[in-house]
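Asker: I am sharing model.csv, which consists of CSV, C-alpha atoms and all ligand atoms:
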```csv
chain,number,residue,atom,x,y,z
X,112,MET,CA,33.6,-1.6,-4.0
X,113,THR,CA,34.3,-3.3,-7.3
X,114,LYS,CA,33.3,-0.6,-9.7
X,115,ASP,CA,33.0,3.2,-9.8
X,116,GLN,CA,30.0,3.3,-12.1
X,117,LEU,CA,26.7,1.4,-12.2
X,118,PHE,CA,24.0,1.9,-14.9
X,119,GLY,CA,26.0,5.0,-16.0
X,120,LYS,CA,25.8,6.6,-12.5
X,121,PRO,CA,28.7,7.1,-10.1
X,122,VAL,CA,29.2,4.7,-7.2
X,123,THR,CA,30.4,6.2,-3.9
X,124,ALA,CA,31.5,4.5,-0.7
X,125,PHE,CA,29.0,5.0,2.1
X,126,GLU,CA,31.8,6.5,4.2
X,127,ASP,CA,32.2,9.2,1.5
X,128,ILE,CA,28.6,10.3,0.9
X,129,LEU,CA,28.7,13.2,3.3
X,130,ASP,CA,31.6,14.7,1.4
X,131,ASN,CA,30.4,13.8,-2.1
X,132,TYR,CA,26.7,14.4,-1.7
X,133,PRO,CA,26.0,16.6,1.3
X,134,PRO,CA,22.4,16.5,2.8
X,135,ALA,CA,21.6,20.0,1.6
X,136,GLN,CA,22.1,19.0,-2.0
X,137,VAL,CA,20.3,15.6,-2.4
X,138,LYS,CA,17.6,13.4,-1.1
X,139,LEU,CA,18.4,9.7,-0.5
X,140,PHE,CA,16.6,6.5,-1.2
X,141,THR,CA,17.9,3.3,0.4
X,142,ALA,CA,17.1,0.8,-2.4
X,143,ILE,CA,17.3,-2.4,-0.3
X,144,THR,CA,14.6,-5.1,-0.3
X,145,PHE,CA,13.9,-7.4,2.7
X,146,THR,CA,17.5,-8.7,3.3
X,147,LYS,CA,17.8,-10.0,6.9
X,148,PHE,CA,14.1,-9.5,7.5
X,149,ASN,CA,14.2,-5.8,6.6
X,150,ARG,CA,17.0,-5.1,9.0
X,151,VAL,CA,19.6,-4.0,6.4
X,152,ARG,CA,17.2,-1.4,5.0
X,153,MET,CA,16.2,-0.3,8.5
X,154,ARG,CA,19.9,0.2,9.5
X,155,LEU,CA,20.8,2.2,6.4
X,156,TYR,CA,17.7,4.4,6.6
X,157,SER,CA,18.2,5.3,10.2
X,158,LYS,CA,22.0,5.8,9.8
X,159,CYS,CA,21.3,8.2,6.8
X,160,LYS,CA,18.6,10.0,8.9
X,161,GLU,CA,21.1,10.5,11.7
X,162,MET,CA,23.5,12.0,9.2
X,163,GLY,CA,20.9,14.6,8.3
X,164,TYR,CA,19.6,13.4,5.0
X,165,SER,CA,16.0,13.8,3.8
X,166,PHE,CA,14.5,11.0,1.6
X,167,ALA,CA,12.8,10.5,-1.7
X,168,ASN,CA,9.7,8.4,-2.3
X,169,TYR,CA,8.7,6.6,-5.4
X,170,VAL,CA,5.1,6.1,-6.3
X,171,SER,CA,4.5,4.4,-9.6
X,172,SER,CA,2.2,6.5,-11.9
X,173,ARG,CA,0.5,3.1,-12.6
X,174,ALA,CA,-0.5,2.8,-8.9
X,175,PHE,CA,-4.0,4.0,-7.8
X,176,VAL,CA,-3.5,6.1,-4.7
X,177,TRP,CA,-6.6,7.9,-3.2
X,178,ARG,CA,-5.9,11.6,-2.8
X,179,ASN,CA,-6.0,11.7,1.0
X,180,VAL,CA,-3.5,8.8,1.5
X,181,LYS,CA,-0.6,9.7,3.8
X,182,ILE,CA,2.8,8.3,2.8
X,183,GLY,CA,6.0,8.7,4.9
X,184,GLU,CA,9.5,8.9,3.5
X,185,ASN,CA,11.9,6.5,1.8
X,186,THR,CA,8.9,4.5,0.7
X,187,PHE,CA,8.6,2.7,-2.7
X,188,ILE,CA,5.2,1.8,-4.2
X,189,PHE,CA,5.3,-0.2,-7.4
X,190,GLU,CA,2.7,-0.5,-10.2
X,191,ASP,CA,-0.8,-1.9,-9.8
X,192,ASN,CA,-1.1,-1.2,-6.1
X,193,THR,CA,-4.6,0.0,-5.1
X,194,ILE,CA,-4.4,2.2,-2.0
X,195,GLN,CA,-7.8,3.3,-0.8
X,196,TYR,CA,-9.0,6.3,1.1
X,197,ASN,CA,-7.6,7.3,4.5
X,198,VAL,CA,-4.8,4.7,4.3
X,199,GLU,CA,-1.6,5.6,6.1
X,200,ILE,CA,1.8,4.3,5.0
X,201,GLY,CA,4.8,4.8,7.2
X,202,ASN,CA,8.5,5.4,6.5
X,203,ASN,CA,10.8,3.0,4.7
X,204,VAL,CA,8.0,0.8,3.5
X,205,VAL,CA,8.1,-1.2,0.2
X,206,LEU,CA,4.8,-2.2,-1.5
X,207,TRP,CA,5.9,-4.4,-4.4
X,208,SER,CA,3.5,-4.8,-7.3
X,209,GLY,CA,-0.3,-5.4,-7.2
X,210,ASN,CA,-1.3,-5.2,-3.6
X,211,HIS,CA,-4.7,-4.0,-2.3
X,212,ILE,CA,-4.6,-1.8,0.8
X,213,GLY,CA,-8.1,-1.3,2.1
X,214,HIS,CA,-9.6,1.9,3.4
X,215,ARG,CA,-8.3,3.2,6.8
X,216,THR,CA,-5.6,0.7,7.1
X,217,ARG,CA,-2.2,1.7,8.5
X,218,ILE,CA,1.0,0.1,7.2
X,219,ASN,CA,3.7,1.0,9.8
X,220,ASP,CA,7.4,1.8,9.3
X,221,ASN,CA,9.8,-0.7,7.6
X,222,CYS,CA,7.1,-3.1,6.3
X,223,PHE,CA,7.6,-5.1,3.1
X,224,LEU,CA,4.6,-6.3,1.2
X,225,THR,CA,5.5,-8.5,-1.7
X,226,SER,CA,2.8,-8.9,-4.4
X,227,HIS,CA,-0.9,-9.4,-4.7
X,228,VAL,CA,-1.4,-9.2,-0.9
X,229,VAL,CA,-4.9,-8.2,0.1
X,230,VAL,CA,-5.0,-6.1,3.3
X,231,SER,CA,-8.7,-5.3,4.0
X,232,GLY,CA,-10.0,-2.2,5.6
X,233,TYR,CA,-9.2,-0.9,9.1
X,234,CYS,CA,-6.1,-3.1,9.6
X,235,ASN,CA,-2.9,-2.2,11.4
X,236,ILE,CA,0.2,-3.9,10.1
X,237,GLY,CA,3.0,-3.7,12.7
X,238,GLU,CA,6.3,-2.3,12.0
X,239,ASN,CA,9.0,-4.3,10.2
X,240,SER,CA,6.6,-7.0,9.1
X,241,PHE,CA,6.9,-9.0,5.9
X,242,ILE,CA,3.9,-10.2,4.0
X,243,GLY,CA,4.4,-12.9,1.4
X,244,VAL,CA,2.8,-13.1,-2.1
X,245,ASN,CA,-1.0,-13.7,-2.2
X,246,ALA,CA,-1.5,-13.4,1.5
X,247,THR,CA,-5.0,-12.3,2.7
X,248,ILE,CA,-5.6,-10.2,5.8
X,249,GLY,CA,-9.3,-9.7,6.9
X,250,ASP,CA,-10.7,-6.5,8.0
X,251,PHE,CA,-10.0,-4.9,11.4
X,252,VAL,CA,-7.0,-7.2,11.8
X,253,GLU,CA,-4.0,-6.1,14.0
X,254,ILE,CA,-0.7,-7.6,13.1
X,255,PRO,CA,2.1,-7.1,15.7
X,256,LYS,CA,5.6,-5.9,14.8
X,257,ASP,CA,8.1,-8.2,13.2
X,258,SER,CA,5.5,-10.6,11.9
X,259,LEU,CA,6.2,-12.8,8.8
X,260,ILE,CA,3.0,-13.8,7.0
X,261,ALA,CA,3.8,-16.6,4.6
X,262,ALA,CA,2.9,-16.7,0.9
X,263,GLY,CA,-0.8,-17.5,0.6
X,264,ALA,CA,-1.5,-17.3,4.3
X,265,VAL,CA,-5.0,-16.2,5.4
X,266,ILE,CA,-5.3,-14.1,8.6
X,267,VAL,CA,-8.8,-13.3,9.8
X,268,LYS,CA,-8.2,-12.6,13.4
X,269,SER,CA,-5.8,-10.2,15.1
X,270,LEU,CA,-2.5,-11.6,16.2
X,271,THR,CA,-0.9,-10.7,19.5
X,272,THR,CA,2.7,-12.0,19.8
X,273,PRO,CA,5.4,-10.1,17.8
X,274,GLY,CA,8.0,-11.9,15.7
X,275,LEU,CA,6.1,-15.0,14.7
X,276,ILE,CA,5.8,-16.7,11.3
X,277,TYR,CA,2.3,-17.5,10.2
X,278,MET,CA,1.5,-20.1,7.5
X,279,GLY,CA,-1.6,-21.6,5.9
X,280,ASN,CA,-5.4,-21.1,5.9
X,281,PRO,CA,-6.4,-20.5,8.6
X,282,ALA,CA,-2.8,-19.3,9.4
X,283,LYS,CA,-1.0,-20.9,12.3
X,284,PRO,CA,2.4,-19.9,13.9
X,285,THR,CA,5.4,-22.0,13.2
X,286,GLU,CA,7.8,-23.1,16.0
X,287,LYS,CA,10.6,-20.7,15.0
X,288,THR,CA,10.4,-17.0,15.5
X,289,VAL,CA,11.7,-14.6,13.0
X,290,TYR,CA,14.4,-13.7,15.5
X,291,GLU,CA,15.6,-17.3,15.5
X,292,LYS,CA,15.2,-17.8,11.7
X,293,PHE,CA,17.0,-14.7,10.7
X,294,GLY,CA,19.5,-14.4,13.6
X,295,ILE,CA,18.2,-10.8,14.4
X,296,GLY,CA,17.2,-9.0,17.6
X,297,ASP,CA,13.8,-7.7,18.6
X,298,GLU,CA,14.9,-4.1,19.0
X,299,GLY,CA,15.3,-3.5,15.3
X,300,GLU,CA,18.9,-4.6,15.2
Z,401,LIG,C1,7.1,-18.9,5.3
Z,401,LIG,C2,8.4,-19.1,4.6
Z,401,LIG,C3,9.4,-17.9,4.9
Z,401,LIG,C4,9.0,-20.4,5.1
Z,401,LIG,O1,10.2,-20.6,4.6
Z,401,LIG,P1,11.1,-21.8,5.1
Z,401,LIG,O2,11.3,-21.7,6.6
Z,401,LIG,O3,12.3,-21.8,4.3
Z,401,LIG,O4,10.2,-23.1,4.9
Z,401,LIG,P2,10.5,-24.4,4.1
Z,401,LIG,O5,10.6,-24.1,2.6
Z,401,LIG,O6,11.7,-25.1,4.7
Z,401,LIG,O7,9.2,-25.3,4.4
Z,401,LIG,C5,8.9,-25.8,5.6
Z,401,LIG,C6,7.6,-26.5,5.5
Z,401,LIG,O8,6.6,-25.4,5.5
Z,401,LIG,C7,5.8,-25.5,4.3
Z,401,LIG,N1,5.6,-24.2,3.7
Z,401,LIG,C8,6.5,-23.3,3.4
Z,401,LIG,N2,6.0,-22.2,3.0
Z,401,LIG,C9,4.6,-22.3,3.1
Z,401,LIG,C10,3.5,-21.5,2.8
Z,401,LIG,N3,3.7,-20.3,2.4
Z,401,LIG,N4,2.3,-22.0,3.1
Z,401,LIG,C11,2.1,-23.2,3.6
Z,401,LIG,N5,3.1,-24.1,3.9
Z,401,LIG,C12,4.4,-23.6,3.6
Z,401,LIG,C13,6.7,-26.4,3.3
Z,401,LIG,O9,5.9,-27.0,2.4
Z,401,LIG,C14,7.3,-27.3,4.3
Z,401,LIG,O10,6.4,-28.3,4.7
Z,401,LIG,P3,6.9,-29.8,4.9
Z,401,LIG,O11,7.9,-29.7,6.1
Z,401,LIG,O12,5.7,-30.6,5.2
Z,401,LIG,O13,7.6,-30.2,3.6
Z,401,LIG,C15,8.3,-19.1,3.0
Z,401,LIG,O14,7.8,-20.3,2.6
Z,401,LIG,C16,7.4,-18.0,2.5
Z,401,LIG,O15,6.2,-18.1,2.4
Z,401,LIG,N6,8.1,-17.0,2.0
Z,401,LIG,C17,7.5,-15.9,1.3
Z,401,LIG,C18,7.7,-16.0,-0.1
Z,401,LIG,C19,7.3,-14.8,-0.9
Z,401,LIG,O16,6.3,-14.2,-0.7
Z,401,LIG,N7,8.3,-14.3,-1.7
Z,401,LIG,C20,8.1,-13.1,-2.4
Z,401,LIG,C21,9.4,-12.5,-2.7
Z,401,LIG,S1,9.2,-11.0,-3.6
```
Can you dump the structure from the file as structure tokens?

Answerer:
Amino acid sequence: MTKDQLFGKPVTAFEDILDNYPPAQVKLFTAITFTKFNRVRMRLYSKCKEMGYSFANYVSSRAFVWRNVKIGENTFIFEDNTIQYNVEIGNNVVLWSGNHIGHRTRINDNCFLTSHVVVSGYCNIGENSFIGVNATIGDFVEIPKDSLIAAGAVIVKSLTTPGLIYMGNPAKPTEKTVYEKFGIGDEGE
């Protein structure tokens, strides 16, 4: 720790949060982006959950969210997202600005969608996946867990192998997996 205040708010060491901010008094939000392919955000979220915390969500008042959309916890939805009817969004998900999430799609836990991604209807985006700017996912597409969909990639058929990086139109997998590229494991660690 290098400072005890940030933006006028107190900074507390993680080791001290149980004493300074007990779970009965606060809700947490783990404000981490996609560092180490989402693994840092995943680790902190699950650690805080084990410690007994509940979590806040943020949904921008400038996002369009249909009234029956289900949203988990510790999830952050920026401005200009369009989230259509019957969409389900899991826990610890980040939707950066301007995405379209089509009807009946499910975005599973720990995913990070950057900006201006189009996910069509009836898709299932596997947990921990990262989708780069301007990527396009056709309807009824299944994306396995730990997928990295590159900026501008177009995916029109379901993918089957977890942990691959897809680029281009039509998107093709690269040689390296996300596990190799980011030096991470396939069990969420
Ligand atoms: C897929 C990605 C992770 C690859 O990164 P990388 O491994 O560092 O790749 P490199 O930059 O070394 O490029 C390797 C090759 O792939 C090509 N390439 C990289 N990204 C590409 C993309 N999105 N689509 C098509 N080709 C791509 C490069 O042009 C390069 O080709 P070359 O070998 O013929 O010169 C990255 O390019 C990407 O798309 N990241 C997402 C960016 C994004 O959405 N950021 C938002 C942040 S909020």

Asker: What is the CA of Asn202 (chain X)-CA of Tyr132 (chain X) distance in Å, reported with one decimal?

Answerer: 21.9 Å

Asker: Go through X:Lys138, X:Lys292, X:Lys158, X:Arg150 one by one, measure the shortest atom-to-atom distance of each to ligand LIG 401 (chain Z) using all atoms listed in the file, and give the residue with the smallest value.

Answerer: X:Lys292

Asker: Counting all atoms listed in the file, note down every residue that has an atom within 10 Å of the point (-7.5, -3.8, 11.3) (file coordinates), as a PyMOL selection string.

Answerer: chain X and resi 213-217+230-236+248-254+267-269

Asker: Which polymer residues have any atom within 12 Å of an atom of Thr146 (chain X), counting only C-alpha atoms, with same-chain residues fewer than 6 positions away left out, as a PDB file with C-alpha atoms, in the frame of the given file?

Answerer:
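Result went into around.pdb, see below:
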```pdb
ATOM      1  CA  ARG X 152      17.200  -1.400   5.000  1.00  0.00           C
ATOM      2  CA  MET X 153      16.200  -0.300   8.500  1.00  0.00           C
ATOM      3  CA  ARG X 154      19.900   0.200   9.500  1.00  0.00           C
ATOM      4  CA  LEU X 155      20.800   2.200   6.400  1.00  0.00           C
ATOM      5  CA  ASN X 221       9.800  -0.700   7.600  1.00  0.00           C
ATOM      6  CA  PHE X 223       7.600  -5.100   3.100  1.00  0.00           C
ATOM      7  CA  ASN X 239       9.000  -4.300  10.200  1.00  0.00           C
ATOM      8  CA  PHE X 241       6.900  -9.000   5.900  1.00  0.00           C
ATOM      9  CA  PHE X 293      17.000 -14.700  10.700  1.00  0.00           C
ATOM     10  CA  GLY X 294      19.500 -14.400  13.600  1.00  0.00           C
ATOM     11  CA  ILE X 295      18.200 -10.800  14.400  1.00  0.00           C
TER      12      ILE X 295
END
```

Asker: Could you check how far CA of Val204 (chain X) sits from CA of Thr186 (chain X), in Å to one decimal?

Answerer: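 Taking CA of Val204 (chain X) and CA of Thr186 (chain X), their separation equals 4.7 Å.
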
Asker: Neighbours of ligand LIG 401 (chain Z) within 8 Å, counting only C-alpha atoms and all ligand atoms, as a short mmCIF file (atom, residue, chain, number, x, y, z; two decimals) with C-alpha atoms, in the coordinates of the input?

Answerer:
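See out38.cif below for the written result:
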```
data_model
loop_
_atom_site.label_atom_id
_atom_site.label_comp_id
_atom_site.auth_asym_id
_atom_site.auth_seq_id
_atom_site.Cartn_x
_atom_site.Cartn_y
_atom_site.Cartn_z
CA TRP X 207 5.90 -4.40 -4.40
CA THR X 225 5.50 -8.50 -1.70
CA SER X 226 2.80 -8.90 -4.40
CA ILE X 242 3.90 -10.20 4.00
CA GLY X 243 4.40 -12.90 1.40
CA VAL X 244 2.80 -13.10 -2.10
CA ASN X 245 -1.00 -13.70 -2.20
CA LEU X 259 6.20 -12.80 8.80
CA ILE X 260 3.00 -13.80 7.00
CA ALA X 261 3.80 -16.60 4.60
CA ALA X 262 2.90 -16.70 0.90
CA GLY X 263 -0.80 -17.50 0.60
CA ALA X 264 -1.50 -17.30 4.30
CA ILE X 276 5.80 -16.70 11.30
CA TYR X 277 2.30 -17.50 10.20
CA MET X 278 1.50 -20.10 7.50
CA GLY X 279 -1.60 -21.60 5.90
CA LYS X 292 15.20 -17.80 11.70
#
```

Asker: Quick one: distance from CA of Val180 (chain X) to CA of Phe166 (chain X) in Å, one decimal?

Answerer: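 Taking CA of Val180 (chain X) as the start and CA of Phe166 (chain X) as the end point, the length is 18.1 Å.
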
Asker: Counting all atoms listed in the file, figure out which residue out of X:Phe148, X:Phe140, X:Phe125, X:Phe187 gets nearest to Ala167 (chain X).

Answerer: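 Between X:Phe148, X:Phe140, X:Phe125, X:Phe187, the residue approaching Ala167 (chain X) most closely is X:Phe140.
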
Asker: Write out as a PyMOL selection string which residues come within 12 Å of Val122 (chain X) when counting all atoms listed in the file, dropping same-chain ones fewer than 4 positions away.

Answerer: chain X and resi 112-118+126-128+131-132

Asker: Could you check which of X:Ser165, X:Asn203, X:Thr271, X:Ser208 is closest to Phe189 (chain X), using only C-alpha atoms?

Answerer: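 When distances to Phe189 (chain X) are compared using only C-alpha atoms, the smallest one comes from X:Ser208.
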